[in-house]
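Visitor: Below is the structure I would like to discuss, written out as structure tokens.
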Protein chains: 4
Amino acid sequence: MSHNSFGHLFRITTFGESHGPAIGCIVDGCPPNLPLTADEIQAFLDKRRPGQSRFTTQRQEPDQVKILSGVFADDRTNGPVTTGAPIMLMIENVDQRSKDYADIRDTFRPGHADFTYQAKYGIRDYKGGGRSSARETAARVAAGAVARKIIPGVTIKGALIQMGPHKIDRTNWDWGQVDRNPFFTPDAKAAAFFADYLDGVRKSGSSCGAIIEVTASGVPAGWGAPLYGKLDQDLAAAMMSINAVKGVEIGAGFESAAFSGEQNADEIRMHHGKPEFLSNHAGGILGGISTGQDVVVRFAVKPTSSILSTRKTITSTGEETDVMTKGRHDPCVGIRAVPVGEAMMAIVLADHFRRHRGQVG
Amino acid sequence: MSHNSFGHLFRITTFGESHGPAIGCIVDGCPPNLPLTADEIQAFLDKRRPGQSRFTTQRQEPDQVKILSGVFADDRTNGPVTTGAPIMLMIENVDQRSKDYADIRDTFRPGHADFTYQAKYGIRDYKGGGRSSARETAARVAAGAVARKIIPGVTIKGALIQMGPHKIDRTNWDWGQVDRNPFFTPDAKAAAFFADYLDGVRKSGSSCGAIIEVTASGVPAGWGAPLYGKLDQDLAAAMMSINAVKGVEIGAGFESAAFSGEQNADEIRMHHGKPEFLSNHAGGILGGISTGQDVVVRFAVKPTSSILSTRKTITSTGEETDVMTKGRHDPCVGIRAVPVGEAMMAIVLADHFRRHRGQVG
Amino acid sequence: MSHNSFGHLFRITTFGESHGPAIGCIVDGCPPNLPLTADEIQAFLDKRRPGQSRFTTQRQEPDQVKILSGVFADDRTNGPVTTGAPIMLMIENVDQRSKDYADIRDTFRPGHADFTYQAKYGIRDYKGGGRSSARETAARVAAGAVARKIIPGVTIKGALIQMGPHKIDRTNWDWGQVDRNPFFTPDAKAAAFFADYLDGVRKSGSSCGAIIEVTASGVPAGWGAPLYGKLDQDLAAAMMSINAVKGVEIGAGFESAAFSGEQNADEIRMHHGKPEFLSNHAGGILGGISTGQDVVVRFAVKPTSSILSTRKTITSTGEETDVMTKGRHDPCVGIRAVPVGEAMMAIVLADHFRRHRGQVG
Amino acid sequence: MSHNSFGHLFRITTFGESHGPAIGCIVDGCPPNLPLTADEIQAFLDKRRPGQSRFTTQRQEPDQVKILSGVFADDRTNGPVTTGAPIMLMIENVDQRSKDYADIRDTFRPGHADFTYQAKYGIRDYKGGGRSSARETAARVAAGAVARKIIPGVTIKGALIQMGPHKIDRTNWDWGQVDRNPFFTPDAKAAAFFADYLDGVRKSGSSCGAIIEVTASGVPAGWGAPLYGKLDQDLAAAMMSINAVKGVEIGAGFESAAFSGEQNADEIRMHHGKPEFLSNHAGGILGGISTGQDVVVRFAVKPTSSILSTRKTITSTGEETDVMTKGRHDPCVGIRAVPVGEAMMAIVLADHFRRHRGQVG
């Protein structure tokens, strides 16, 4: 058991605080002989990196990853390859402004983990949220880049499908749009609307939530396991472990409760000699095991808890007071959750691929 | 790692198939000196037991639990008490009618795990669904009864809050009603409506889904852990591991995506010398750690996949065919998911209570 | 984490007390489609079964194993095969005589776990030693029989090589002798000597220890993993987890401390196109990974703690007293440790085979 | 499961290769509010550090540890304290001379892990032994320093009790001597002898093994757990996971096989109101649980495999050849295993202390 690890055969263990010297992770269980460079990992980190538009926090972190172990190169390898040893990925923190946090060291910000960390540990690193900061998700994204190398036939894509109360129009869905707007949304019209909407949220010192959808194509039938090794169980755990996530669903999810049995159960036909489901309400998973259809997971991100309004709270000594959160923050932390969700999907699939091989392969 | 275990310090490992000789589980990590009798466990099993109303499967299973290990009694103990050794709970199967399933041994029932088990393992126990049967949840309920003994200050209650597309009226909520209707619903009016509605579903050979809400009161602030040891992560995994569950949310859940930061972040005041949150959108969990407020989880159960309509499918040799599922089934398997959800909440809390003690206590 | 489980991908979880209704285990992670019958398992249990000669305890336990889950047969399978689901193996206890133990319920027998169980749990099941009884090893032997099915190319053989202070003469080693004497010793001359020696020990109400050697042939190079996943680490843990074991060594073991570097490092040559080591001081393991040579482990079993001499001890209330252990016991519990050691070797190898496949396969 | 982690509630995950940029570990599960500085950890690393006498490798590594996470200090804490978050300990490598290894990249050194790593992974980092280098033990020593903070009432001391074939005279045992000679031996006379002996070994380009004994005093009765959670099982695994260890024993260990039951079972008396054992053949552990007496473990370290003699071996393409290992090496790697064994004892005890609290506390 480990409170800071995730996965079994492919396993990540993360460390680091928002204002400490570095964050990162150890990636264990990677198969050998996979080409792996820091540049490849960097490409994914750059997607998550803050400060790239006016819609994310203005903290400037280059998020440069270093690989400290687990790869090897000599004049006969074509660049560095994995060796099967643990891969240590380190990202040094650069742009900490810890004085911003001096005035909240004794005050619990509503919606944040201040109160609960203090209640549990009797101490908390309040600088930038310490361990509870969304900065930890950079380690996930780095690990996810490694995970993707393990499942080369699988394509993972994430999209923001709702911002605040505003859903996208799914008939406009175009994956090509996702990288053309700062919101990772596949609906170009929604992107334009979101820009205006989020400017308003940001200028008013408020924040909003979001819903993210992540899809994995190319997952063969048979990954996952019954009951306590369910692929959907691990996806639910993976997404719920991300900061600020309050709900997870697979395929039709909560909507399926309102379906009739006839609507819900995806019928099966043969197509080019392979089983094909006529719908995918199951989100690519039946009985905890992949069906060969797209694996589809959706998760809800609550509004950023750091807001400029004054809120009622208490101090660590139990006195009633008010608090307003200054500092640099994302008005909609759900945006940067898109690459994080993709990374967690990759981590879960890489683990289950190896677990499947371990028992059945 | 284990595909059939759940939990860490308090850990269950289940076994058994629908039509095998028995199902059950080993409960490991139970503290010593807790009084524990089969009767106490039986009370919870009786709640989940099938065949108690016309709204659940007519399979007649007494679900009598036997404790095969881990308790001890002599003339000086006041009845059996736990010893700290693993507790084996066995429930023998009685009412199998395996011939009902002979005609589906080569045909994949849509919505069921038939196709995926076959794809993964190359073999499947098709009798009554084998390992994928909802019968496995009896082992969870039995283990949950043990878990409740470990967290005596905590009260766990579950309720059905939506059947098919029909939500209850939360203003009618009365916990006292939950045990007075066959649906475990807290809204007496909804109960009357559900009876008619489900009769219609059942008579038409169809099925419907449900949404279940489980609440734990009395959980102190401080249980859970950051990031990969989050209380909400483990609750999400626990509920998603139950058969037919397709979505899980904590507190305001998916709805929180539409909130403003002001609406979402629960303000804090002092009340009788203790912190009190003025709302509980967080569902009792911040940063993965309990706040001391009610822990609230909700999950969606898809419609029972066994329906009397003819559905398109394929055979295990890849031929297109149709299938209709006879046999005895729950028209709304979500009903019996209520005690199962309660059990999983108890198991997660018992584990986290001991984990908290382990690191901080 | 689980105090009653062993292994990772291939994992056993055992339960049961000496005088409870049953003992047994859940075997998880078994690959599907392996033929498996209770009779096959029984053959190994019969080797360990007590009461077969005057040199083991006279408790009469048929040790009949039942498979309660995880196998499936229909008219198209050629007998029962594994399905990939957890395999529950149950052995009912038959010949308990609990009254034998009434007088030691408040007295700690030296060398037994009475004192430590009481110190830890504040309660203990003193009947027949409860959970600490060597009866638990029957569950290991049953699980080991399943493990052997997973590694069909591997041959595992165990031998008693020392009884009390008396070593066998290794130049007499003949594996064919092992099943021809009640001591599982490969030295026919030593077997004759041991019979006399152990009669003397038994008649004087004393007991003696033993050293057991277990060899696995046919293990390919590459199983195991560096550092904390070492094959030898897991073998050490496996053997040390057996009751009464006080030491474990691999290959030359403790003797290697006295070697020079030249003597110790096994040289390598090619033989029929395959690497062959000119000696096997390493015991088939280098850097935690198998070399392809025989894997050789040795472990020391202390003398049975139940002896007829009067010994100084204390009561559970801290009064000084004397104790003499009546009841039925093995004068040399190391004899029956031979099949147990073989089983643990099989369990470790089955787990590492699947772990190797999981990462590298 | 993780091949590079050890422990459960207190858990370390190590990374790094001999000639990579850094080695280190993440320490997870540390209780909060323990004062912890890099200096405290450094003191233990300095004990293990190479190049301190002519009897260890001449590689010059300052082994400066940095704490990258998991501690917090502000003007109100009295120096840095743990927060309950994962503690990342990094030691940068400084004195790599990778060219020393170019000629062994295709040749398997007998006794080393070269052959097995290649067989398993199809690739190996041959520079300085890569992941299989004894340098990894620095991470263990750093983690052990943290572990000691968790069990303040426990005193852990290690000693070299045999070098090559030469045992110390236990009647000369004086713990005060251990830090006064470069061998960590408690027998001053033996230390003088070892200096001469090891000079001879070193000058001849040979190497020798050693036996190490580690004792923990102050462990209360009740740590550990039955069967698969045995304290001695975990100690065996811990010591066997150290490079070059080939055997482990507890208390009287292998010698106990030759004892009679009367000799072996430690009698109990009361002393100043507390149970006291009249001997400690059990090594402080009965039934896997601590007795309150000293916990005593002994392990055998094989001779360093790097020797200057020419040895028969094969190349990675299967050709027969000879090899001689140049480079800088310890003539008796067992010396530096003393602080490593102490560290592993501390790690096991810290884990079991927290596990005990988790189930029973």
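Here's how to read the names in the structure tokens: chain A, B, ... by the order shown, residue numbers from 1 in each chain, ligand numbers from 1 in the order shown.
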Go through stretch 150-262 of chain D and flag each residue having an atom no more than 10 Å from stretch 40-54 of chain D; for those, report the closest pair of atoms plus their distance in Å to one decimal, using only C-alpha atoms, ordered by chain and rising number, as a Markdown table.

Guide:
```
| residue | atom | partner | partner_atom | distance |
| --- | --- | --- | --- | --- |
| D:Asp179 | CA | D:Lys47 | CA | 9.2 |
| D:Asn181 | CA | D:Ser53 | CA | 9.9 |
| D:Pro182 | CA | D:Ser53 | CA | 6.9 |
| D:Phe183 | CA | D:Ser53 | CA | 9.7 |
| D:Phe184 | CA | D:Lys47 | CA | 9.7 |
| D:Ala195 | CA | D:Arg54 | CA | 9.7 |
| D:Leu198 | CA | D:Arg54 | CA | 9.6 |
| D:Asp199 | CA | D:Arg54 | CA | 8.5 |
| D:Arg202 | CA | D:Arg54 | CA | 9.2 |
```

Visitor: Go ahead and save the picked residues with N, CA and C atoms, as a CSV table (one decimal), in the first residue's frame.

Guide:
```
chain,number,residue,atom,x,y,z
D,179,ASP,N,32.7,1.2,16.1
D,179,ASP,CA,33.0,2.5,15.4
D,179,ASP,C,34.5,2.8,15.4
D,181,ASN,N,37.0,0.7,14.3
D,181,ASN,CA,37.8,0.1,13.3
D,181,ASN,C,37.0,0.1,12.0
D,182,PRO,N,37.7,0.0,10.9
D,182,PRO,CA,37.1,0.2,9.6
D,182,PRO,C,36.2,-1.0,9.2
D,183,PHE,N,36.0,-2.0,10.1
D,183,PHE,CA,35.3,-3.2,9.7
D,183,PHE,C,33.9,-3.3,10.4
D,184,PHE,N,33.6,-2.4,11.3
D,184,PHE,CA,32.4,-2.4,12.1
D,184,PHE,C,32.4,-3.7,12.9
D,195,ALA,N,42.6,-6.6,9.4
D,195,ALA,CA,43.3,-5.6,8.7
D,195,ALA,C,44.4,-6.3,7.8
D,198,LEU,N,42.7,-8.7,5.2
D,198,LEU,CA,42.1,-8.0,4.0
D,198,LEU,C,43.1,-7.4,3.2
D,199,ASP,N,44.2,-6.9,3.8
D,199,ASP,CA,45.3,-6.4,2.9
D,199,ASP,C,45.8,-7.5,2.0
D,202,ARG,N,43.2,-8.1,-0.8
D,202,ARG,CA,43.2,-6.9,-1.7
D,202,ARG,C,44.4,-6.9,-2.6
```

Visitor: Would you write out, as JSON lines, a table of all residues in chain C that have an atom no more than 6 Å from an atom of chain D, listing for each the closest atom pair and the distance in Å to one decimal, considering only C-alpha atoms and ordering rows by chain and rising residue number?

Guide:
```
{"residue": "C:His3", "atom": "CA", "partner": "D:Gly229", "partner_atom": "CA", "distance": 4.4}
{"residue": "C:Asn4", "atom": "CA", "partner": "D:Tyr228", "partner_atom": "CA", "distance": 5.2}
{"residue": "C:Ser5", "atom": "CA", "partner": "D:Tyr228", "partner_atom": "CA", "distance": 6.0}
{"residue": "C:Pro110", "atom": "CA", "partner": "D:Ala265", "partner_atom": "CA", "distance": 5.2}
{"residue": "C:Gly111", "atom": "CA", "partner": "D:Ala265", "partner_atom": "CA", "distance": 4.2}
{"residue": "C:Ala113", "atom": "CA", "partner": "D:Gly287", "partner_atom": "CA", "distance": 4.7}
{"residue": "C:Thr116", "atom": "CA", "partner": "D:Ile289", "partner_atom": "CA", "distance": 5.8}
{"residue": "C:Ala119", "atom": "CA", "partner": "D:Gly222", "partner_atom": "CA", "distance": 5.3}
{"residue": "C:Lys120", "atom": "CA", "partner": "D:Gly222", "partner_atom": "CA", "distance": 4.1}
{"residue": "C:Gly164", "atom": "CA", "partner": "D:Ala258", "partner_atom": "CA", "distance": 4.2}
{"residue": "C:Pro165", "atom": "CA", "partner": "D:Ala258", "partner_atom": "CA", "distance": 4.0}
{"residue": "C:Ser206", "atom": "CA", "partner": "D:Gly261", "partner_atom": "CA", "distance": 5.8}
{"residue": "C:Ser207", "atom": "CA", "partner": "D:Gly261", "partner_atom": "CA", "distance": 4.8}
{"residue": "C:Cys208", "atom": "CA", "partner": "D:Ser260", "partner_atom": "CA", "distance": 5.0}
{"residue": "C:Gly209", "atom": "CA", "partner": "D:Ala257", "partner_atom": "CA", "distance": 4.0}
{"residue": "C:Ala210", "atom": "CA", "partner": "D:Ala257", "partner_atom": "CA", "distance": 4.8}
{"residue": "C:Gly222", "atom": "CA", "partner": "D:Lys120", "partner_atom": "CA", "distance": 4.1}
{"residue": "C:Leu227", "atom": "CA", "partner": "D:Ser241", "partner_atom": "CA", "distance": 5.3}
{"residue": "C:Tyr228", "atom": "CA", "partner": "D:Asn4", "partner_atom": "CA", "distance": 5.1}
{"residue": "C:Gly229", "atom": "CA", "partner": "D:His3", "partner_atom": "CA", "distance": 4.4}
{"residue": "C:Gln233", "atom": "CA", "partner": "D:Ala237", "partner_atom": "CA", "distance": 4.8}
{"residue": "C:Ala236", "atom": "CA", "partner": "D:Ala236", "partner_atom": "CA", "distance": 5.8}
{"residue": "C:Ala237", "atom": "CA", "partner": "D:Gln233", "partner_atom": "CA", "distance": 4.7}
{"residue": "C:Met240", "atom": "CA", "partner": "D:Gln233", "partner_atom": "CA", "distance": 4.9}
{"residue": "C:Ser241", "atom": "CA", "partner": "D:Leu227", "partner_atom": "CA", "distance": 5.3}
{"residue": "C:Lys246", "atom": "CA", "partner": "D:Gly253", "partner_atom": "CA", "distance": 4.7}
{"residue": "C:Gly247", "atom": "CA", "partner": "D:Glu249", "partner_atom": "CA", "distance": 3.9}
{"residue": "C:Val248", "atom": "CA", "partner": "D:Val248", "partner_atom": "CA", "distance": 5.5}
{"residue": "C:Glu249", "atom": "CA", "partner": "D:Gly247", "partner_atom": "CA", "distance": 3.9}
{"residue": "C:Ile250", "atom": "CA", "partner": "D:Lys246", "partner_atom": "CA", "distance": 5.4}
{"residue": "C:Gly253", "atom": "CA", "partner": "D:Lys246", "partner_atom": "CA", "distance": 4.7}
{"residue": "C:Phe254", "atom": "CA", "partner": "D:Ala300", "partner_atom": "CA", "distance": 5.1}
{"residue": "C:Ser256", "atom": "CA", "partner": "D:Lys302", "partner_atom": "CA", "distance": 5.3}
{"residue": "C:Ala257", "atom": "CA", "partner": "D:Gly209", "partner_atom": "CA", "distance": 4.0}
{"residue": "C:Ala258", "atom": "CA", "partner": "D:Pro165", "partner_atom": "CA", "distance": 4.0}
{"residue": "C:Ser260", "atom": "CA", "partner": "D:Cys208", "partner_atom": "CA", "distance": 5.0}
{"residue": "C:Gly261", "atom": "CA", "partner": "D:Ser207", "partner_atom": "CA", "distance": 4.8}
{"residue": "C:Ala265", "atom": "CA", "partner": "D:Gly111", "partner_atom": "CA", "distance": 4.2}
{"residue": "C:Asp266", "atom": "CA", "partner": "D:Pro110", "partner_atom": "CA", "distance": 5.7}
{"residue": "C:Glu267", "atom": "CA", "partner": "D:Lys312", "partner_atom": "CA", "distance": 5.2}
{"residue": "C:Ile268", "atom": "CA", "partner": "D:Thr313", "partner_atom": "CA", "distance": 4.3}
{"residue": "C:Arg269", "atom": "CA", "partner": "D:Thr313", "partner_atom": "CA", "distance": 5.8}
{"residue": "C:Leu286", "atom": "CA", "partner": "D:Ala113", "partner_atom": "CA", "distance": 5.2}
{"residue": "C:Gly287", "atom": "CA", "partner": "D:Ala113", "partner_atom": "CA", "distance": 4.7}
{"residue": "C:Ile289", "atom": "CA", "partner": "D:Thr116", "partner_atom": "CA", "distance": 5.8}
{"residue": "C:Thr291", "atom": "CA", "partner": "D:Thr116", "partner_atom": "CA", "distance": 5.8}
{"residue": "C:Ala300", "atom": "CA", "partner": "D:Phe254", "partner_atom": "CA", "distance": 5.2}
{"residue": "C:Val301", "atom": "CA", "partner": "D:Ala257", "partner_atom": "CA", "distance": 5.7}
{"residue": "C:Lys302", "atom": "CA", "partner": "D:Ala257", "partner_atom": "CA", "distance": 5.0}
{"residue": "C:Pro303", "atom": "CA", "partner": "D:Gly261", "partner_atom": "CA", "distance": 5.0}
{"residue": "C:Ser305", "atom": "CA", "partner": "D:Gly261", "partner_atom": "CA", "distance": 5.8}
{"residue": "C:Lys312", "atom": "CA", "partner": "D:Glu267", "partner_atom": "CA", "distance": 5.2}
{"residue": "C:Thr313", "atom": "CA", "partner": "D:Ile268", "partner_atom": "CA", "distance": 4.3}
```

Visitor: Skipping near chain neighbours, those fewer than 5 positions away, what residues fall within 9 Å of A:Val214 using only C-alpha atoms, listed as a PyMOL selection string?

Guide: chain A and resi 156-160+295-299+338+341-342+345

Visitor: Could you write out the selected residues, including C-alpha atoms, as a short mmCIF file (atom, residue, chain, number, x, y, z; two decimals), in the first residue's frame?

Guide:
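What ended up in out-v4.cif:
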```
data_model
loop_
_atom_site.label_atom_id
_atom_site.label_comp_id
_atom_site.auth_asym_id
_atom_site.auth_seq_id
_atom_site.Cartn_x
_atom_site.Cartn_y
_atom_site.Cartn_z
CA ILE A 156 -5.95 8.57 -26.37
CA LYS A 157 -7.71 11.87 -26.81
CA GLY A 158 -9.31 14.20 -24.31
CA ALA A 159 -11.77 17.04 -24.73
CA LEU A 160 -13.47 19.64 -22.59
CA VAL A 295 -13.13 3.22 -23.95
CA VAL A 296 -14.97 6.39 -22.92
CA VAL A 297 -14.70 8.08 -19.53
CA ARG A 298 -16.07 11.41 -18.41
CA PHE A 299 -15.26 13.37 -15.26
CA VAL A 338 -7.66 17.53 -20.14
CA GLY A 341 -7.12 12.92 -17.80
CA GLU A 342 -5.44 11.63 -20.93
CA MET A 345 -6.15 6.93 -19.08
#
```

Visitor: Find the distance between atom CA of D:Leu89 and atom CA of D:Gly24 and write it in Å to one decimal.

Guide: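 For atom CA of D:Leu89 relative to atom CA of D:Gly24, the distance reads 5.4 Å.
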
Visitor: Stretch 299-347 of chain D: which residues are strand (DSSP E or B) by DSSP, as a PyMOL selection string?

Guide: chain D and resi 299-301+311-315+320-323

Visitor: Where in stretch 53-294 of chain C does DSSP assign alpha helix (DSSP H), given as a ChimeraX atom specification?

Guide: /C:114-121,137-150,188-203,231-240,261-264

Visitor: From the list B:Arg59, B:His272, B:Lys127, B:Lys66, which residue is nearest B:Val94 when using only C-alpha atoms?

Guide: B:Arg59

Visitor: I want to know what sits within 8 Å of A:Gly128, based on only C-alpha atoms, with residues of the same chain fewer than 5 positions away left out; could you give that as a ChimeraX atom specification?

Guide: /A:18-19,96,98,101,133

Visitor: Excluding same-chain residues fewer than 2 positions from stretch 69-82 of chain B, what lies within 8 Å of it counting only C-alpha atoms, as a PDB file with C-alpha atoms, in the first residue's frame?

Guide:
```pdb
ATOM      1  CA  CYS B  30      -9.968  -7.006  11.377  1.00  0.00           C
ATOM      2  CA  PRO B  31      -8.936  -5.731  14.821  1.00  0.00           C
ATOM      3  CA  PRO B  32      -9.211  -8.265  17.638  1.00  0.00           C
ATOM      4  CA  ASN B  33     -11.778  -8.453  20.415  1.00  0.00           C
ATOM      5  CA  LEU B  34     -14.810  -7.289  18.453  1.00  0.00           C
ATOM      6  CA  PRO B  35     -17.903  -9.370  19.210  1.00  0.00           C
ATOM      7  CA  LEU B  36     -19.059 -10.976  15.960  1.00  0.00           C
ATOM      8  CA  THR B  37     -21.763 -13.529  15.283  1.00  0.00           C
ATOM      9  CA  ILE B  67     -18.088 -18.034   9.894  1.00  0.00           C
ATOM     10  CA  GLY B  84      -7.200 -10.624  14.490  1.00  0.00           C
ATOM     11  CA  ALA B  85      -6.964 -13.705  12.246  1.00  0.00           C
ATOM     12  CA  PRO B  86      -8.623 -13.800   8.818  1.00  0.00           C
ATOM     13  CA  ILE B  87     -12.386 -14.249   8.921  1.00  0.00           C
ATOM     14  CA  MET B  88     -13.744 -16.654   6.338  1.00  0.00           C
ATOM     15  CA  LEU B  89     -17.400 -16.110   5.491  1.00  0.00           C
TER      16      LEU B  89
ATOM     17  CA  PHE C  15      -7.590 -18.826   6.542  1.00  0.00           C
ATOM     18  CA  GLY C  16      -8.424 -21.153   9.361  1.00  0.00           C
ATOM     19  CA  GLU C  17      -7.463 -22.382  12.775  1.00  0.00           C
ATOM     20  CA  GLY C  20     -12.062 -24.447  13.726  1.00  0.00           C
ATOM     21  CA  PRO C  21     -14.454 -25.971  11.204  1.00  0.00           C
ATOM     22  CA  ALA C  22     -12.072 -25.681   8.247  1.00  0.00           C
ATOM     23  CA  ILE C  23      -8.843 -24.301   6.870  1.00  0.00           C
ATOM     24  CA  ARG C 124      -5.758 -15.953  21.482  1.00  0.00           C
ATOM     25  CA  ASP C 125      -7.404 -19.063  20.170  1.00  0.00           C
TER      26      ASP C 125
END
```

Visitor: Between atom CA of C:Arg105 and atom CA of B:Phe10, what is the distance, to one decimal in Å?

Guide: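 Interatomic distance here is 28.3 Å.
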